[in-house]
Amino acid sequence: MTPIPLSLYIHVPWCERKCPYCDFNSHQARGNVDEDQYVDALLADLDADLAHFGQAATNRPIHSVFIGGGTPSLFSPTSYQRLFDGLRQRCEFEANAEVTLEANPGSSEASKFAGFREAGINRLSIGIQSFNPAHLTVLGRVHNSQEALNAGRFARAAGFDNFNLDLMFGLPDQSNEQALADLTQAIELNPTHLSCYQLTIEPNTLFHHAPPVTPDDDALWQMQQHLQSLLAQHSYQQYEVSAYAKTGRRCQHNLNYWQYGDYLGIGAGAHSKVTDGDALTRSWKIKHPTSYLSKASKVGARELIEPAQRPIEFMMNALRLTEGFRGIDFEARTHVSLTEIQTLLDKHQSQGLITRPDGHIVPTAFGHNMLNSMLEDYLS
């Protein structure tokens, strides 16, 4: 059996300004952040994880790295060079491992792109969200439309031949034509990957406290169909609910999540999932950056993932993939027999939500639209 890949997630929690739709662990930077102190904390965090998990972590090379936030591009290339020097001293990396940094398209960050590339980052994920000035204002973004347009050009000029652009649709007062205009401008920048997310109003956000008016369900459906058609016309293959890639450019880090792979998470609020034999352990780090930095142990909590929990966790991820998953991978990743969910698989196949060709479980287009309903069955 192929070993379960082990990825590394690194969380940088600070941002220039908290966006009204954001429910991630992000905190507005007030004054200068001590980058050296945080890099030291990240490396100490990793040392503790490697010691705790032992061979379950150290016997596997790092499959991919993703630096998320917050706004990780606020940190300097020098800080990332020091971080990656420390990572390489502690971990083996797969050949050609994907190393992604989330970046904002503002001028101050774009000027750092070449330095990020030199530090060992080989993929950018740039948070455009929209090119429309009015929508950027509503979303609370700190960049303008021209900076958004420049971002892809700057990435290529800095030597990045692999980068993602994040776009949102279903924005307040957004028309179908405006959503298509955003996507058209993004495609013109020729990214290797596009993530197209529908705006959702999450608890504990400014939008939740003062909800804006967004397009109704019929308008959202039409918008999504038109966006998917335009992406397909330009050779962006959908492989997950919100992810589209050129051939060979799927996000390896996110694929590992969706395929219920393993990952170490370091940084404030970062989560880990590690398999050791039949045992699956989840842990998460102290969430607030001040507490995270001040504590010797960065771990907020750890728990075993019980066998009864694993099928729903697996399905919440794998059913997002257009190609679904193999039954043998379900069993290898969860250590639960596929027969445990056979009744639900039969039900969903009879309802036209999945197909089962050659040992695979593949959601249909209808199944993707009814994903929440399917997952509710597994929860119950």
# chains A, B, ... in the order shown; residues from 1 in each chain; ligands from 1
>>> residues_around(residues="region 329-334 of chain A", least_positions_apart="4", cutoff="7 Å", atoms="only C-alpha atoms", output="PyMOL selection string")
chain A and resi 260+310-311+325+338
>>> write_last_selection(atoms="N, CA and C atoms", output="short mmCIF file (atom, residue, chain, number, x, y, z; two decimals), in the first residue's frame")
data_model
loop_
_atom_site.label_atom_id
_atom_site.label_comp_id
_atom_site.auth_asym_id
_atom_site.auth_seq_id
_atom_site.Cartn_x
_atom_site.Cartn_y
_atom_site.Cartn_z
N TYR A 260 -8.02 12.86 2.37
CA TYR A 260 -7.88 12.44 3.77
C TYR A 260 -6.45 11.98 4.06
N ARG A 310 -14.58 8.63 11.43
CA ARG A 310 -13.74 8.71 10.24
C ARG A 310 -14.50 8.70 8.92
N PRO A 311 -15.56 7.87 8.77
CA PRO A 311 -16.26 7.90 7.48
C PRO A 311 -16.81 9.27 7.11
N PHE A 325 -13.42 8.87 -5.25
CA PHE A 325 -12.34 8.15 -4.57
C PHE A 325 -12.48 6.65 -4.80
N LEU A 338 -15.32 -0.63 4.02
CA LEU A 338 -16.31 0.03 3.18
C LEU A 338 -17.71 -0.53 3.42
#
>>> closest_atom_pairs(of="region 212-297 of chain A", to="region 42-54 of chain A", cutoff="12 Å", atoms="only C-alpha atoms", output="tab-separated table")
residue	atom	partner	partner_atom	distance
A:Asp262	CA	A:Phe53	CA	12.0
A:Tyr263	CA	A:Asp49	CA	11.0
A:Leu264	CA	A:Asp49	CA	7.7
A:Gly265	CA	A:Leu46	CA	8.2
A:Ile266	CA	A:Leu42	CA	6.0
A:Gly267	CA	A:Leu42	CA	5.7
A:Ala268	CA	A:Leu42	CA	8.9
A:Gly269	CA	A:Asp45	CA	11.7
A:Ala270	CA	A:Asp45	CA	10.5
A:His271	CA	A:Asp49	CA	11.4
A:Ser272	CA	A:Asp49	CA	9.4
A:Lys273	CA	A:Phe53	CA	10.5
A:Val274	CA	A:Phe53	CA	7.8
A:Thr275	CA	A:Phe53	CA	9.2
A:Asp276	CA	A:Phe53	CA	8.1
A:Gly277	CA	A:Phe53	CA	11.7
A:Ala279	CA	A:Phe53	CA	11.4
A:Leu280	CA	A:Phe53	CA	11.0
A:Thr281	CA	A:Phe53	CA	9.4
A:Arg282	CA	A:Phe53	CA	11.2
A:Ser283	CA	A:Asp49	CA	9.8
A:Trp284	CA	A:Asp49	CA	10.9
A:Lys285	CA	A:Asp45	CA	9.0
A:Ile286	CA	A:Asp45	CA	10.8
A:Pro289	CA	A:Leu42	CA	11.4
A:Tyr292	CA	A:Asp45	CA	9.7
A:Leu293	CA	A:Leu42	CA	9.2
A:Lys295	CA	A:Asp45	CA	10.5
A:Ala296	CA	A:Ala44	CA	8.8
A:Ser297	CA	A:Asp45	CA	7.7
>>> residues_around(residues="region 174-189 of chain A", least_positions_apart="6", cutoff="9 Å", atoms="only C-alpha atoms", output="PyMOL selection string")
chain A and resi 128-132+135+149-153+165+167-168+196+214-215+219-220+222-224+226-227+230-231+234
>>> select_by_dssp(residues="region 108-252 of chain A", states="strand (DSSP E or B)", output="NGL selection string")
:A and (123-129 or 163-169 or 193-198 or 237-240 or 243-245)
>>> write_last_selection(atoms="C-alpha atoms", output="short mmCIF file (atom, residue, chain, number, x, y, z; two decimals), in the first residue's frame")
data_model
loop_
_atom_site.label_atom_id
_atom_site.label_comp_id
_atom_site.auth_asym_id
_atom_site.auth_seq_id
_atom_site.Cartn_x
_atom_site.Cartn_y
_atom_site.Cartn_z
CA ARG A 123 3.63 28.48 -6.05
CA LEU A 124 1.58 31.55 -5.16
CA SER A 125 -2.11 31.70 -4.28
CA ILE A 126 -3.18 35.29 -4.84
CA GLY A 127 -6.36 36.58 -3.19
CA ILE A 128 -7.87 38.68 -5.97
CA GLN A 129 -11.55 38.04 -5.06
CA PHE A 163 0.08 30.28 -9.42
CA ASN A 164 -3.55 30.36 -8.35
CA LEU A 165 -6.00 33.24 -8.36
CA ASP A 166 -8.86 33.28 -5.85
CA LEU A 167 -12.15 34.73 -7.07
CA MET A 168 -15.48 35.08 -5.29
CA PHE A 169 -18.93 35.21 -6.85
CA HIS A 193 -5.16 27.39 -11.33
CA LEU A 194 -8.35 29.24 -10.44
CA SER A 195 -10.41 28.91 -7.27
CA CYS A 196 -13.96 30.23 -7.64
CA TYR A 197 -15.82 30.44 -4.35
CA GLN A 198 -19.38 31.45 -3.72
CA GLN A 237 -10.60 21.39 -15.63
CA GLN A 238 -12.84 21.28 -12.59
CA TYR A 239 -11.53 18.70 -10.11
CA GLU A 240 -13.23 19.90 -6.91
CA ALA A 243 -11.14 24.33 -7.89
CA TYR A 244 -10.14 24.46 -11.57
CA ALA A 245 -6.71 23.73 -13.00
#
>>> residues_around(residues="region 109-117 of chain A", least_positions_apart="2", cutoff="12 Å", atoms="only C-alpha atoms", output="PyMOL selection string")
chain A and resi 15-16+67+71-84+99-107+119-127+142-143+147-163
>>> write_last_selection(atoms="C-alpha atoms", output="mmCIF file, in the first residue's frame")
data_model
loop_
_atom_site.group_PDB
_atom_site.id
_atom_site.type_symbol
_atom_site.label_atom_id
_atom_site.label_comp_id
_atom_site.auth_asym_id
_atom_site.auth_seq_id
_atom_site.Cartn_x
_atom_site.Cartn_y
_atom_site.Cartn_z
ATOM 1 C CA CYS A 15 -3.292 40.712 8.124
ATOM 2 C CA GLU A 16 -3.420 44.385 7.280
ATOM 3 C CA ILE A 67 1.587 28.921 4.102
ATOM 4 C CA THR A 71 -1.754 37.435 4.985
ATOM 5 C CA PRO A 72 1.540 35.516 4.901
ATOM 6 C CA SER A 73 2.929 37.832 2.218
ATOM 7 C CA LEU A 74 3.196 40.553 4.886
ATOM 8 C CA PHE A 75 6.330 38.744 6.095
ATOM 9 C CA SER A 76 9.645 39.446 4.372
ATOM 10 C CA PRO A 77 11.451 37.084 2.000
ATOM 11 C CA THR A 78 14.319 37.085 4.522
ATOM 12 C CA SER A 79 12.017 35.607 7.165
ATOM 13 C CA TYR A 80 10.898 32.872 4.772
ATOM 14 C CA GLN A 81 14.485 32.108 3.822
ATOM 15 C CA ARG A 82 15.294 31.594 7.506
ATOM 16 C CA LEU A 83 12.141 29.538 8.009
ATOM 17 C CA PHE A 84 12.894 27.235 5.082
ATOM 18 C CA VAL A 99 5.372 24.982 -1.735
ATOM 19 C CA THR A 100 2.530 27.530 -1.777
ATOM 20 C CA LEU A 101 2.333 30.982 -0.206
ATOM 21 C CA GLU A 102 -0.921 32.918 0.072
ATOM 22 C CA ALA A 103 -0.390 36.481 -1.104
ATOM 23 C CA ASN A 104 -2.336 39.681 -1.472
ATOM 24 C CA PRO A 105 -2.017 41.538 -4.781
ATOM 25 C CA GLY A 106 -1.132 44.867 -3.172
ATOM 26 C CA SER A 107 1.988 46.588 -4.456
ATOM 27 C CA ALA A 119 13.452 31.518 -0.553
ATOM 28 C CA GLY A 120 12.047 28.264 -1.958
ATOM 29 C CA ILE A 121 8.385 29.070 -2.535
ATOM 30 C CA ASN A 122 7.358 27.715 -5.955
ATOM 31 C CA ARG A 123 3.631 28.480 -6.053
ATOM 32 C CA LEU A 124 1.576 31.547 -5.155
ATOM 33 C CA SER A 125 -2.110 31.696 -4.285
ATOM 34 C CA ILE A 126 -3.184 35.286 -4.835
ATOM 35 C CA GLY A 127 -6.363 36.577 -3.188
ATOM 36 C CA VAL A 142 -6.981 46.603 0.788
ATOM 37 C CA HIS A 143 -5.889 46.328 -2.857
ATOM 38 C CA GLU A 147 -3.067 45.988 -8.297
ATOM 39 C CA ALA A 148 -5.260 42.943 -8.837
ATOM 40 C CA LEU A 149 -4.533 43.073 -12.572
ATOM 41 C CA ASN A 150 -0.810 43.500 -11.954
ATOM 42 C CA ALA A 151 -0.557 40.548 -9.581
ATOM 43 C CA GLY A 152 -0.438 37.782 -12.185
ATOM 44 C CA ARG A 153 2.078 39.691 -14.290
ATOM 45 C CA PHE A 154 4.296 40.278 -11.263
ATOM 46 C CA ALA A 155 4.108 36.596 -10.342
ATOM 47 C CA ARG A 156 5.292 35.500 -13.785
ATOM 48 C CA ALA A 157 7.987 38.182 -13.877
ATOM 49 C CA ALA A 158 9.272 36.878 -10.529
ATOM 50 C CA GLY A 159 9.677 33.365 -11.947
ATOM 51 C CA PHE A 160 6.449 31.719 -10.800
ATOM 52 C CA ASP A 161 5.196 29.393 -13.529
ATOM 53 C CA ASN A 162 2.553 28.006 -11.164
ATOM 54 C CA PHE A 163 0.076 30.279 -9.416
#
>>> atom_distance(atom1="CA of Glu202 (chain A)", atom2="CA of Tyr21 (chain A)")
6.9 Å
>>> residues_around(residues="Gln252 (chain A)", least_positions_apart="5", cutoff="9 Å", atoms="only C-alpha atoms", output="ChimeraX atom specification")
/A:63-64,97-98,257
>>> write_last_selection(atoms="C-alpha atoms", output="compact mmCIF listing (two decimals), in the first residue's frame")
# COMPACT_ATOMS: atom_id res chain seq x y z
CA HIS A 63 4.70 16.06 0.31
CA SER A 64 3.68 19.72 0.12
CA ALA A 97 7.42 19.31 -3.51
CA GLU A 98 4.78 21.98 -4.04
CA TYR A 257 -6.63 17.27 2.42
>>> residues_around(residues="Glu340 (chain A)", least_positions_apart="4", cutoff="10 Å", atoms="only C-alpha atoms", output="number ranges by chain")
A: 308, 311, 336, 344-345
>>> write_last_selection(atoms="C-alpha atoms", output="short mmCIF file (atom, residue, chain, number, x, y, z; two decimals), in the first residue's frame")
data_model
loop_
_atom_site.label_atom_id
_atom_site.label_comp_id
_atom_site.auth_asym_id
_atom_site.auth_seq_id
_atom_site.Cartn_x
_atom_site.Cartn_y
_atom_site.Cartn_z
CA ALA A 308 -17.08 6.07 14.05
CA PRO A 311 -16.26 7.90 7.48
CA VAL A 336 -12.80 1.26 8.47
CA LEU A 344 -25.72 4.62 2.32
CA LEU A 345 -23.73 4.02 -0.86
#
>>> residues_around(residues="region 346-362 of chain A", least_positions_apart="3", cutoff="9 Å", atoms="only C-alpha atoms", output="PDB file with C-alpha atoms, in the first residue's frame")
ATOM      1  CA  LEU A 319     -17.047  13.810  -2.120  1.00  0.00           C
ATOM      2  CA  LEU A 321     -13.709  15.812  -5.756  1.00  0.00           C
ATOM      3  CA  THR A 322     -15.210  15.394  -9.220  1.00  0.00           C
ATOM      4  CA  GLU A 323     -13.359  12.076  -9.626  1.00  0.00           C
ATOM      5  CA  GLY A 324     -14.454  10.826  -6.217  1.00  0.00           C
ATOM      6  CA  PHE A 325     -12.336   8.149  -4.567  1.00  0.00           C
ATOM      7  CA  ARG A 326     -11.428   4.479  -4.633  1.00  0.00           C
ATOM      8  CA  GLY A 327     -12.967   2.143  -2.105  1.00  0.00           C
ATOM      9  CA  ILE A 328      -9.551   0.763  -1.203  1.00  0.00           C
ATOM     10  CA  ILE A 341     -21.238   2.561   4.694  1.00  0.00           C
ATOM     11  CA  GLN A 342     -22.590   0.130   2.094  1.00  0.00           C
ATOM     12  CA  THR A 343     -26.246   0.894   2.882  1.00  0.00           C
ATOM     13  CA  ALA A 365     -23.179  16.516 -11.069  1.00  0.00           C
ATOM     14  CA  PHE A 366     -26.499  16.155  -9.266  1.00  0.00           C
ATOM     15  CA  GLY A 367     -24.668  14.661  -6.295  1.00  0.00           C
ATOM     16  CA  HIS A 368     -22.337  17.634  -6.082  1.00  0.00           C
ATOM     17  CA  ASN A 369     -25.339  19.928  -5.976  1.00  0.00           C
ATOM     18  CA  MET A 370     -26.827  17.777  -3.199  1.00  0.00           C
ATOM     19  CA  LEU A 371     -23.558  17.350  -1.301  1.00  0.00           C
ATOM     20  CA  MET A 374     -25.526  13.363   1.290  1.00  0.00           C
TER      21      MET A 374
END
>>> atom_distance(atom1="CA of Arg249 (chain A)", atom2="CA of Glu313 (chain A)")
25.5 Å
>>> closest_residue(among="A:Leu206, A:Arg320, A:Gly70, A:Trp221", to="Ser242 (chain A)", atoms="only C-alpha atoms")
A:Arg320
